[in-house]
>>> print(open('work-v2.txt').read())   # compact mmCIF, C-alpha atoms and all ligand atoms
# COMPACT_ATOMS: atom_id res chain seq x y z
CA MET M 1 130.97 16.91 184.56
CA LYS M 2 130.53 14.00 186.96
CA CYS M 3 131.09 14.28 190.67
CA LEU M 4 132.58 11.14 192.22
CA SER M 5 133.72 10.76 195.80
CA VAL M 6 136.74 9.53 197.72
CA LEU M 7 136.03 9.11 201.45
CA GLY M 8 133.20 11.61 201.10
CA TYR M 9 135.31 14.25 199.34
CA PRO M 10 134.11 15.27 195.88
CA VAL M 11 136.24 14.73 192.81
CA HIS M 12 135.05 16.16 189.51
CA VAL M 13 135.71 14.02 186.51
CA ASP M 14 135.56 15.09 182.89
CA SER M 15 137.88 15.99 180.05
CA PRO M 16 139.91 19.14 180.79
CA GLN M 17 137.67 20.94 178.27
CA GLY M 18 134.55 19.68 180.07
CA LEU M 19 135.94 20.92 183.38
CA VAL M 20 136.67 24.32 181.86
CA GLN M 21 133.12 24.47 180.46
CA ALA M 22 131.67 23.64 183.90
CA MET M 23 133.77 26.36 185.42
CA LEU M 24 132.66 28.92 182.83
CA ALA M 25 129.03 27.95 183.42
CA GLY M 26 129.55 28.71 187.11
CA LEU M 27 131.09 32.08 186.27
CA ASP M 28 128.11 32.88 184.02
CA LYS M 29 125.88 32.39 187.04
CA GLY M 30 127.95 35.07 188.76
CA GLU M 31 129.73 32.62 191.05
CA HIS M 32 133.44 32.60 191.85
CA GLN M 33 135.09 29.30 190.94
CA HIS M 34 137.52 27.79 193.43
CA VAL M 35 139.54 25.03 191.77
CA ILE M 36 141.05 22.54 194.21
CA THR M 37 143.85 20.24 193.09
CA LEU M 38 143.13 17.31 195.38
CA ASN M 39 145.75 14.85 196.57
CA PRO M 40 145.74 12.31 199.42
CA GLU M 41 147.72 14.60 201.75
CA MET M 42 145.06 17.28 201.47
CA LEU M 43 142.29 14.77 201.99
CA MET M 44 143.96 13.34 205.10
CA ARG M 45 144.43 16.84 206.45
CA GLY M 46 140.69 17.23 206.03
CA GLU M 47 140.16 14.08 208.11
CA SER M 48 141.77 15.77 211.11
CA ASP M 49 140.64 19.33 210.42
CA PRO M 50 136.88 19.79 209.94
CA ILE M 51 137.26 23.36 208.67
CA PHE M 52 139.66 22.28 205.96
CA ALA M 53 137.39 19.30 205.18
CA SER M 54 134.40 21.55 204.57
CA LEU M 55 136.56 23.84 202.44
CA LEU M 56 137.59 20.87 200.26
CA LYS M 57 133.99 19.71 200.06
CA SER M 58 132.82 23.13 198.90
CA GLY M 59 135.30 23.32 196.00
CA ASP M 60 133.58 24.28 192.75
CA ILE M 61 135.96 22.14 190.70
CA VAL M 62 137.95 19.46 192.52
CA LEU M 63 140.56 17.97 190.20
CA PRO M 64 141.92 14.42 190.54
CA ASP M 65 145.45 15.79 190.79
CA GLY M 66 147.17 13.31 193.11
CA ALA M 67 148.02 9.85 191.80
CA GLY M 68 146.56 8.47 195.05
CA ILE M 69 143.17 10.02 194.25
CA VAL M 70 143.25 8.45 190.79
CA TRP M 71 144.23 5.10 192.34
CA ALA M 72 141.34 5.32 194.84
CA LEU M 73 138.80 5.99 192.09
CA ARG M 74 140.17 3.27 189.85
CA HIS M 75 140.06 0.87 192.80
CA LYS M 76 136.34 1.60 192.98
CA GLY M 77 135.95 0.85 189.28
CA PHE M 78 136.01 4.35 187.82
CA PRO M 79 138.64 4.54 185.07
CA VAL M 80 139.60 8.14 185.67
CA THR M 81 142.61 9.95 184.29
CA ARG M 82 144.79 12.26 186.36
CA VAL M 83 144.31 15.99 185.77
CA PRO M 84 147.41 17.72 187.17
CA GLY M 85 146.67 21.22 188.47
CA ILE M 86 149.70 22.61 186.63
CA GLU M 87 148.42 21.38 183.26
CA PHE M 88 144.89 22.56 183.95
CA SER M 89 146.30 25.96 184.93
CA GLN M 90 148.28 26.10 181.69
CA LYS M 91 145.02 25.62 179.78
CA LEU M 92 143.60 28.55 181.72
CA LEU M 93 146.68 30.64 180.93
CA ASP M 94 146.14 29.83 177.25
CA ARG M 95 142.54 31.00 177.49
CA ALA M 96 143.52 34.14 179.37
CA ALA M 97 146.22 35.02 176.83
CA SER M 98 143.93 34.57 173.86
CA SER M 99 140.91 36.32 175.38
CA GLY M 100 142.81 39.26 176.88
CA GLU M 101 141.56 38.46 180.40
CA SER M 102 144.12 39.15 183.08
CA VAL M 103 145.68 36.90 185.68
CA ALA M 104 147.24 37.31 189.12
CA LEU M 105 150.13 35.27 190.46
CA ILE M 106 150.27 35.11 194.25
CA GLY M 107 152.91 33.04 195.97
CA ALA M 108 156.37 31.48 196.04
CA SER M 109 159.55 33.38 196.88
CA PRO M 110 160.07 36.83 195.31
CA GLU M 111 162.72 35.40 192.92
CA VAL M 112 160.53 32.48 191.86
CA ASN M 113 157.51 34.71 191.44
CA GLU M 114 159.43 37.14 189.23
CA ALA M 115 161.03 34.42 187.13
CA ALA M 116 157.63 32.74 186.70
CA GLN M 117 156.13 36.04 185.48
CA GLU M 118 158.92 36.52 182.96
CA ASN M 119 158.66 33.00 181.61
CA LEU M 120 154.88 33.03 181.39
CA LEU M 121 154.91 36.35 179.52
CA ALA M 122 157.37 34.87 177.05
CA GLN M 123 155.44 31.61 176.73
CA TYR M 124 151.91 33.04 176.44
CA PRO M 125 152.02 36.02 174.08
CA GLY M 126 149.33 38.50 175.00
CA LEU M 127 149.12 37.35 178.61
CA LYS M 128 148.20 40.20 180.96
CA ILE M 129 149.46 39.91 184.51
CA ALA M 130 147.27 42.29 186.48
CA TYR M 131 149.06 41.66 189.76
CA ALA M 132 151.79 39.49 191.22
CA HIS M 133 153.19 39.14 194.72
CA HIS M 134 155.38 36.64 196.52
CA GLY M 135 153.83 34.36 199.14
CA PHE M 136 156.01 34.87 202.18
CA PHE M 137 153.89 37.38 204.06
CA GLN M 138 155.48 39.05 207.07
CA SER M 139 152.19 39.68 208.86
CA VAL M 140 148.46 39.00 208.70
CA GLU M 141 148.08 42.60 207.56
CA GLU M 142 150.34 41.97 204.57
CA ARG M 143 148.48 38.74 203.76
CA ARG M 144 145.23 40.73 203.66
CA SER M 145 146.58 43.79 201.88
CA VAL M 146 147.96 41.59 199.08
CA ALA M 147 144.46 40.16 198.66
CA GLU M 148 142.88 43.63 198.71
CA THR M 149 145.27 45.00 196.09
CA CYS M 150 144.82 41.89 193.98
CA ALA M 151 141.02 42.25 194.12
CA ARG M 152 141.23 45.91 193.06
CA MET M 153 143.10 44.85 189.91
CA LYS M 154 140.14 42.63 188.93
CA PRO M 155 142.04 39.66 187.47
CA LYS M 156 139.84 36.97 185.93
CA TYR M 157 142.17 34.20 187.10
CA VAL M 158 144.03 34.09 190.40
CA PHE M 159 146.74 31.45 190.74
CA ALA M 160 147.76 30.98 194.38
CA ALA M 161 150.99 29.09 195.10
CA LEU M 162 151.16 29.26 198.89
CA GLY M 163 151.38 25.56 199.72
CA VAL M 164 148.65 23.47 201.36
CA PRO M 165 146.62 24.57 203.27
CA GLY M 166 147.80 28.20 202.96
CA GLN M 167 146.61 28.67 199.40
CA GLU M 168 143.16 27.15 199.98
CA LEU M 169 142.66 29.19 203.16
CA TRP M 170 143.82 32.41 201.47
CA ILE M 171 141.39 31.88 198.58
CA GLN M 172 138.51 30.97 200.89
CA GLU M 173 139.09 33.95 203.15
CA PHE M 174 139.54 36.60 200.50
CA LYS M 175 137.53 35.57 197.46
CA THR M 176 134.58 37.70 198.55
CA LEU M 177 136.77 40.80 198.09
CA PHE M 178 136.64 40.17 194.34
CA THR M 179 133.64 41.95 192.90
CA GLU M 180 133.62 40.20 189.49
CA PRO M 181 133.21 36.41 189.10
CA THR M 182 136.76 35.10 189.36
CA ILE M 183 138.55 31.76 188.97
CA PHE M 184 140.89 30.86 191.84
CA VAL M 185 143.30 27.95 191.59
CA GLY M 186 145.57 26.64 194.34
CA VAL M 187 148.57 25.57 192.28
CA GLY M 188 151.07 24.29 194.86
CA GLY M 189 154.56 24.13 193.41
CA SER M 190 153.62 25.25 189.87
CA PHE M 191 155.40 28.62 190.11
CA ASP M 192 158.63 26.75 190.88
CA ILE M 193 158.22 24.92 187.58
CA TRP M 194 157.11 28.00 185.62
CA SER M 195 160.09 29.90 186.97
CA GLY M 196 162.39 27.30 185.42
CA LEU M 197 164.09 26.76 188.79
CA LYS M 198 162.59 23.28 189.13
CA ARG M 199 161.69 20.74 186.48
CA ARG M 200 158.73 18.45 186.17
CA ALA M 201 159.31 14.71 186.03
CA HIS M 202 160.26 13.00 182.79
CA PRO M 203 157.17 12.44 180.58
CA LEU M 204 157.47 8.70 181.18
CA PHE M 205 157.01 9.28 184.93
CA LEU M 206 153.99 11.47 184.15
CA LYS M 207 152.50 8.83 181.89
CA LEU M 208 152.88 6.20 184.60
CA ASN M 209 151.36 8.52 187.27
CA LEU M 210 154.70 8.48 189.08
CA GLU M 211 155.30 12.22 189.32
CA TRP M 212 154.99 11.84 193.12
CA LEU M 213 157.93 9.40 193.11
CA TYR M 214 160.05 11.83 191.14
CA ARG M 215 159.17 14.63 193.57
CA ILE M 216 160.07 12.49 196.58
CA THR M 217 163.42 11.48 195.12
CA SER M 218 164.29 15.04 194.11
CA GLU M 219 163.02 16.51 197.43
CA PRO M 220 163.46 13.78 200.10
CA LEU M 221 161.83 15.98 202.76
CA ARG M 222 158.54 15.22 201.05
CA LEU M 223 158.88 11.61 202.13
CA LYS M 224 157.94 12.57 205.69
CA ARG M 225 154.70 14.18 204.47
CA VAL M 226 153.77 11.18 202.36
CA TYR M 227 154.81 8.62 204.97
CA LYS M 228 152.63 10.30 207.58
CA THR M 229 149.47 10.28 205.48
CA LEU M 230 149.57 7.78 202.64
CA PRO M 231 149.32 4.45 204.54
CA MET M 232 146.22 5.61 206.43
CA PHE M 233 144.71 6.96 203.21
CA VAL M 234 145.18 3.58 201.52
CA VAL M 235 143.64 1.72 204.47
CA LYS M 236 140.65 4.05 204.56
CA VAL M 237 140.05 3.73 200.83
CA LEU M 238 140.28 -0.07 200.98
CA LEU M 239 137.72 -0.10 203.80
CA GLU M 240 135.35 2.35 202.10
CA LYS M 241 132.21 0.84 200.64
CA VAL M 242 131.19 1.90 197.14
CA ARG M 243 127.58 2.86 196.60
CA PRO M 244 126.56 0.79 193.55
CA GLU M 245 124.32 3.53 192.22
CA THR M 246 127.27 5.96 192.13
CA LYS M 247 129.04 3.49 189.89
CA ASP M 248 126.03 3.22 187.55
CA GLU M 249 125.82 6.98 187.22
CA TYR M 250 129.37 7.16 185.94
CA PRO M 251 129.70 7.17 182.15
CA HIS M 252 133.18 5.53 182.37
CA ALA M 253 135.25 5.16 179.20
CA GLU M 254 138.74 6.50 179.67
CA SER M 255 138.53 8.07 176.22
CA ASN M 256 135.90 10.35 177.68
CA LEU M 257 138.47 11.88 180.03
N1 LIG A 301 154.96 28.97 199.59
C1 LIG A 301 154.67 30.31 199.78
N2 LIG A 301 154.43 30.75 201.05
C2 LIG A 301 154.47 29.94 202.12
C3 LIG A 301 154.74 28.56 201.92
C4 LIG A 301 154.97 28.11 200.63
O1 LIG A 301 154.63 31.08 198.83
O2 LIG A 301 154.25 30.43 203.23
C5 LIG A 301 155.19 28.50 198.23
C6 LIG A 301 156.48 27.72 198.04
O3 LIG A 301 157.56 28.61 197.83
C7 LIG A 301 156.14 26.88 196.81
C8 LIG A 301 154.63 26.65 196.96
O4 LIG A 301 154.18 27.59 197.92
O5 LIG A 301 156.39 27.63 195.65
C9 LIG A 301 154.22 25.30 197.49
O6 LIG A 301 154.93 24.32 196.98
P1 LIG A 301 154.82 22.81 197.42
O7 LIG A 301 155.78 22.13 196.55
O8 LIG A 301 154.93 22.65 198.90
O9 LIG A 301 153.33 22.48 197.05
P2 LIG A 301 152.67 21.13 196.61
O10 LIG A 301 152.78 21.11 195.12
O11 LIG A 301 153.39 20.03 197.31
O12 LIG A 301 151.28 21.32 197.10
>>> encode(input="work-v2.txt", output="structure tokens")
Amino acid sequence: MKCLSVLGYPVHVDSPQGLVQAMLAGLDKGEHQHVITLNPEMLMRGESDPIFASLLKSGDIVLPDGAGIVWALRHKGFPVTRVPGIEFSQKLLDRAASSGESVALIGASPEVNEAAQENLLAQYPGLKIAYAHHGFFQSVEERRSVAETCARMKPKYVFAALGVPGQELWIQEFKTLFTEPTIFVGVGGSFDIWSGLKRRAHPLFLKLNLEWLYRITSEPLRLKRVYKTLPMFVVKVLLEKVRPETKDEYPHAESNL
């Protein structure tokens, strides 16, 4: 697994299988694995919030999830391929279902969370859901008690769909409650898709790295988020100097990804 950088934020680049292997190696060392699904909005939030920046920089696996991250790396000469968090998570669900390891699903509305559980159980025979809870906590006490109960159930994989930065902060704050090495993934809107209440973009959009465009057109409120952050992200990337040695270290070859 190679670690590249966009504006000083790590991005791990490998085939999905290579990323899974790296994650398992970390678990074998007894370390929790926090998987971050990086996009330009998150990165720009880091630029104005040092605590969030250091959280992003300490991610064990940082996936090139956002099309803007892939663009930034390609601009620097690294022919990376997008690894959407939802697809990576589905690989983990596959592993969990076939190995008998359990998962937890934290986040989204109660209806979405329940529908996602039902669909995932139907889609991944053998999947064990150790714990599930919606993500609209009424108090800080509830936010913590959900984490405590989840930790007691000892899931191997915890999928947190609490939005950015809620999911990353929840994982960071509570991962030490988990006594066994655990994989945590901030999955954003994935439960909405798994519930069947929202659809992913047409495969052609996915192939062209235009899922973001589909999401903006189907949820116009997103435009405000993108408009606020994307232009500055592009300017910063264009002004960033590439360290030549970083480029040499990279094995390139898209087929490798
Ligand atoms: N969400 C939640 N609690 C909150 C805020 C959001 O559970 O306090 C859920 C929301 O219902 C959605 C997910 O978090 O299922 C975030 O989705 P979004 O599309 O904003 O994430 P993105 O993919 O853009 O990061």
>>> closest_residue(input="work-v2.txt", among="M:Trp194, M:Phe78, M:Phe52, M:Tyr9", to="Leu169 of chain M", atoms="only C-alpha atoms")
M:Phe52
>>> residues_near_ligand(input="work-v2.txt", ligand="ligand LIG 301 (chain A)", cutoff="6 Å", atoms="all atoms listed in the file", output="list of chain:residue names")
M:Gly107, M:Ala108, M:Ser109, M:Gly135, M:Phe136, M:Ala161, M:Leu162, M:Gly163, M:Val164, M:Gly188, M:Gly189, M:Phe191, M:Asp192
>>> closest_residue(input="work-v2.txt", among="M:Leu197, M:Ala130, M:Leu177, M:Ile171", to="Glu111 of chain M", atoms="all atoms listed in the file")
M:Leu197
>>> closest_residue(input="work-v2.txt", among="M:His32, M:Leu206, M:Gly126, M:Asp60", to="Ala96 of chain M", atoms="all atoms listed in the file")
M:Gly126
>>> closest_residue(input="work-v2.txt", among="M:Pro110, M:Gly66, M:Gly59, M:Gly26", to="Ser195 of chain M", atoms="only C-alpha atoms")
M:Pro110
>>> residues_around(input="work-v2.txt", residues="Leu27 of chain M", least_positions_apart="3", cutoff="10 Å", atoms="all atoms listed in the file", output="list of chain:residue names")
M:Gln21, M:Ala22, M:Met23, M:Leu24, M:Gly30, M:Glu31, M:His32, M:Gln33, M:Glu180, M:Pro181, M:Thr182, M:Ile183
>>> write_last_selection(input="work-v2.txt", atoms="C-alpha atoms", output="mmCIF file, keeping the file's coordinate frame")
data_model
loop_
_atom_site.group_PDB
_atom_site.id
_atom_site.type_symbol
_atom_site.label_atom_id
_atom_site.label_comp_id
_atom_site.auth_asym_id
_atom_site.auth_seq_id
_atom_site.Cartn_x
_atom_site.Cartn_y
_atom_site.Cartn_z
ATOM 1 C CA GLN M 21 133.120 24.470 180.460
ATOM 2 C CA ALA M 22 131.670 23.640 183.900
ATOM 3 C CA MET M 23 133.770 26.360 185.420
ATOM 4 C CA LEU M 24 132.660 28.920 182.830
ATOM 5 C CA GLY M 30 127.950 35.070 188.760
ATOM 6 C CA GLU M 31 129.730 32.620 191.050
ATOM 7 C CA HIS M 32 133.440 32.600 191.850
ATOM 8 C CA GLN M 33 135.090 29.300 190.940
ATOM 9 C CA GLU M 180 133.620 40.200 189.490
ATOM 10 C CA PRO M 181 133.210 36.410 189.100
ATOM 11 C CA THR M 182 136.760 35.100 189.360
ATOM 12 C CA ILE M 183 138.550 31.760 188.970
#
>>> residues_around(input="work-v2.txt", residues="Leu105 of chain M", least_positions_apart="4", cutoff="8 Å", atoms="all atoms listed in the file", output="number ranges by chain")
M: 113, 117, 129, 131-133, 158-161
>>> closest_residue(input="work-v2.txt", among="M:Ile86, M:Trp170, M:Leu221, M:Leu208", to="Glu142 of chain M", atoms="all atoms listed in the file")
M:Trp170
>>> build_atoms(input="work-v2.txt", residues="segment 223-234 of chain M", atoms="all heavy atoms", output="PDB file, in the frame of the given file")
ATOM      1  N   LEU M 223     159.153  12.978 201.721  1.00  0.00           N
ATOM      2  CA  LEU M 223     158.880  11.610 202.130  1.00  0.00           C
ATOM      3  C   LEU M 223     158.146  11.594 203.483  1.00  0.00           C
ATOM      4  O   LEU M 223     157.232  10.806 203.692  1.00  0.00           O
ATOM      5  CB  LEU M 223     160.210  10.844 202.229  1.00  0.00           C
ATOM      6  CG  LEU M 223     160.094   9.340 202.454  1.00  0.00           C
ATOM      7  CD1 LEU M 223     159.268   8.692 201.358  1.00  0.00           C
ATOM      8  CD2 LEU M 223     161.476   8.703 202.505  1.00  0.00           C
ATOM      9  N   LYS M 224     158.551  12.519 204.359  1.00  0.00           N
ATOM     10  CA  LYS M 224     157.940  12.570 205.690  1.00  0.00           C
ATOM     11  C   LYS M 224     156.435  12.854 205.564  1.00  0.00           C
ATOM     12  O   LYS M 224     155.610  12.235 206.220  1.00  0.00           O
ATOM     13  CB  LYS M 224     158.633  13.664 206.498  1.00  0.00           C
ATOM     14  CG  LYS M 224     158.445  13.525 207.974  1.00  0.00           C
ATOM     15  CD  LYS M 224     159.384  14.449 208.722  1.00  0.00           C
ATOM     16  CE  LYS M 224     158.741  14.905 210.002  1.00  0.00           C
ATOM     17  NZ  LYS M 224     159.241  16.190 210.446  1.00  0.00           N
ATOM     18  N   ARG M 225     156.103  13.809 204.665  1.00  0.00           N
ATOM     19  CA  ARG M 225     154.700  14.180 204.470  1.00  0.00           C
ATOM     20  C   ARG M 225     153.896  13.000 203.971  1.00  0.00           C
ATOM     21  O   ARG M 225     152.807  12.707 204.454  1.00  0.00           O
ATOM     22  CB  ARG M 225     154.607  15.322 203.446  1.00  0.00           C
ATOM     23  CG  ARG M 225     154.808  16.690 204.059  1.00  0.00           C
ATOM     24  CD  ARG M 225     155.210  17.745 203.053  1.00  0.00           C
ATOM     25  NE  ARG M 225     154.317  17.911 201.926  1.00  0.00           N
ATOM     26  CZ  ARG M 225     154.412  18.897 201.039  1.00  0.00           C
ATOM     27  NH1 ARG M 225     155.351  19.832 201.190  1.00  0.00           N
ATOM     28  NH2 ARG M 225     153.600  18.988 200.020  1.00  0.00           N
ATOM     29  N   VAL M 226     154.482  12.293 202.989  1.00  0.00           N
ATOM     30  CA  VAL M 226     153.770  11.180 202.360  1.00  0.00           C
ATOM     31  C   VAL M 226     153.656  10.016 203.347  1.00  0.00           C
ATOM     32  O   VAL M 226     152.591   9.411 203.503  1.00  0.00           O
ATOM     33  CB  VAL M 226     154.512  10.746 201.074  1.00  0.00           C
ATOM     34  CG1 VAL M 226     153.938   9.476 200.504  1.00  0.00           C
ATOM     35  CG2 VAL M 226     154.467  11.865 200.047  1.00  0.00           C
ATOM     36  N   TYR M 227     154.752   9.745 204.040  1.00  0.00           N
ATOM     37  CA  TYR M 227     154.810   8.620 204.970  1.00  0.00           C
ATOM     38  C   TYR M 227     153.774   8.781 206.081  1.00  0.00           C
ATOM     39  O   TYR M 227     153.155   7.829 206.533  1.00  0.00           O
ATOM     40  CB  TYR M 227     156.243   8.560 205.515  1.00  0.00           C
ATOM     41  CG  TYR M 227     156.463   7.655 206.679  1.00  0.00           C
ATOM     42  CD1 TYR M 227     156.529   6.270 206.497  1.00  0.00           C
ATOM     43  CD2 TYR M 227     156.627   8.168 207.968  1.00  0.00           C
ATOM     44  CE1 TYR M 227     156.740   5.430 207.580  1.00  0.00           C
ATOM     45  CE2 TYR M 227     156.828   7.334 209.041  1.00  0.00           C
ATOM     46  CZ  TYR M 227     156.886   5.971 208.844  1.00  0.00           C
ATOM     47  OH  TYR M 227     157.087   5.151 209.900  1.00  0.00           O
ATOM     48  N   LYS M 228     153.576  10.034 206.490  1.00  0.00           N
ATOM     49  CA  LYS M 228     152.630  10.300 207.580  1.00  0.00           C
ATOM     50  C   LYS M 228     151.180  10.083 207.163  1.00  0.00           C
ATOM     51  O   LYS M 228     150.330   9.828 207.996  1.00  0.00           O
ATOM     52  CB  LYS M 228     152.778  11.757 208.036  1.00  0.00           C
ATOM     53  CG  LYS M 228     153.813  11.973 209.113  1.00  0.00           C
ATOM     54  CD  LYS M 228     153.724  13.417 209.460  1.00  0.00           C
ATOM     55  CE  LYS M 228     154.352  13.870 210.696  1.00  0.00           C
ATOM     56  NZ  LYS M 228     154.424  15.341 210.687  1.00  0.00           N
ATOM     57  N   THR M 229     150.882  10.276 205.884  1.00  0.00           N
ATOM     58  CA  THR M 229     149.470  10.280 205.480  1.00  0.00           C
ATOM     59  C   THR M 229     149.066   9.132 204.566  1.00  0.00           C
ATOM     60  O   THR M 229     147.934   8.652 204.645  1.00  0.00           O
ATOM     61  CB  THR M 229     149.127  11.591 204.747  1.00  0.00           C
ATOM     62  OG1 THR M 229     150.083  11.767 203.688  1.00  0.00           O
ATOM     63  CG2 THR M 229     149.184  12.778 205.664  1.00  0.00           C
ATOM     64  N   LEU M 230     149.979   8.711 203.701  1.00  0.00           N
ATOM     65  CA  LEU M 230     149.570   7.780 202.640  1.00  0.00           C
ATOM     66  C   LEU M 230     149.087   6.416 203.148  1.00  0.00           C
ATOM     67  O   LEU M 230     148.049   5.928 202.680  1.00  0.00           O
ATOM     68  CB  LEU M 230     150.703   7.634 201.620  1.00  0.00           C
ATOM     69  CG  LEU M 230     150.232   7.241 200.235  1.00  0.00           C
ATOM     70  CD1 LEU M 230     149.229   8.228 199.672  1.00  0.00           C
ATOM     71  CD2 LEU M 230     151.421   7.102 199.292  1.00  0.00           C
ATOM     72  N   PRO M 231     149.797   5.768 204.107  1.00  0.00           N
ATOM     73  CA  PRO M 231     149.320   4.450 204.540  1.00  0.00           C
ATOM     74  C   PRO M 231     147.881   4.502 205.065  1.00  0.00           C
ATOM     75  O   PRO M 231     147.053   3.662 204.713  1.00  0.00           O
ATOM     76  CB  PRO M 231     150.306   4.059 205.646  1.00  0.00           C
ATOM     77  CG  PRO M 231     151.544   4.845 205.347  1.00  0.00           C
ATOM     78  CD  PRO M 231     151.056   6.136 204.753  1.00  0.00           C
ATOM     79  N   MET M 232     147.569   5.517 205.873  1.00  0.00           N
ATOM     80  CA  MET M 232     146.220   5.610 206.430  1.00  0.00           C
ATOM     81  C   MET M 232     145.199   5.889 205.322  1.00  0.00           C
ATOM     82  O   MET M 232     144.079   5.359 205.347  1.00  0.00           O
ATOM     83  CB  MET M 232     146.192   6.731 207.488  1.00  0.00           C
ATOM     84  CG  MET M 232     144.931   6.793 208.307  1.00  0.00           C
ATOM     85  SD  MET M 232     144.415   5.188 208.937  1.00  0.00           S
ATOM     86  CE  MET M 232     145.448   5.041 210.366  1.00  0.00           C
ATOM     87  N   PHE M 233     145.609   6.688 204.350  1.00  0.00           N
ATOM     88  CA  PHE M 233     144.710   6.960 203.210  1.00  0.00           C
ATOM     89  C   PHE M 233     144.367   5.652 202.500  1.00  0.00           C
ATOM     90  O   PHE M 233     143.204   5.368 202.223  1.00  0.00           O
ATOM     91  CB  PHE M 233     145.403   7.943 202.249  1.00  0.00           C
ATOM     92  CG  PHE M 233     144.665   8.160 200.956  1.00  0.00           C
ATOM     93  CD1 PHE M 233     143.523   8.950 200.914  1.00  0.00           C
ATOM     94  CD2 PHE M 233     145.105   7.567 199.773  1.00  0.00           C
ATOM     95  CE1 PHE M 233     142.833   9.150 199.718  1.00  0.00           C
ATOM     96  CE2 PHE M 233     144.428   7.766 198.577  1.00  0.00           C
ATOM     97  CZ  PHE M 233     143.289   8.558 198.553  1.00  0.00           C
ATOM     98  N   VAL M 234     145.394   4.848 202.236  1.00  0.00           N
ATOM     99  CA  VAL M 234     145.180   3.580 201.520  1.00  0.00           C
ATOM    100  C   VAL M 234     144.249   2.679 202.330  1.00  0.00           C
ATOM    101  O   VAL M 234     143.288   2.117 201.789  1.00  0.00           O
ATOM    102  CB  VAL M 234     146.547   2.878 201.254  1.00  0.00           C
ATOM    103  CG1 VAL M 234     146.345   1.467 200.744  1.00  0.00           C
ATOM    104  CG2 VAL M 234     147.371   3.693 200.263  1.00  0.00           C
TER     105      VAL M 234
END
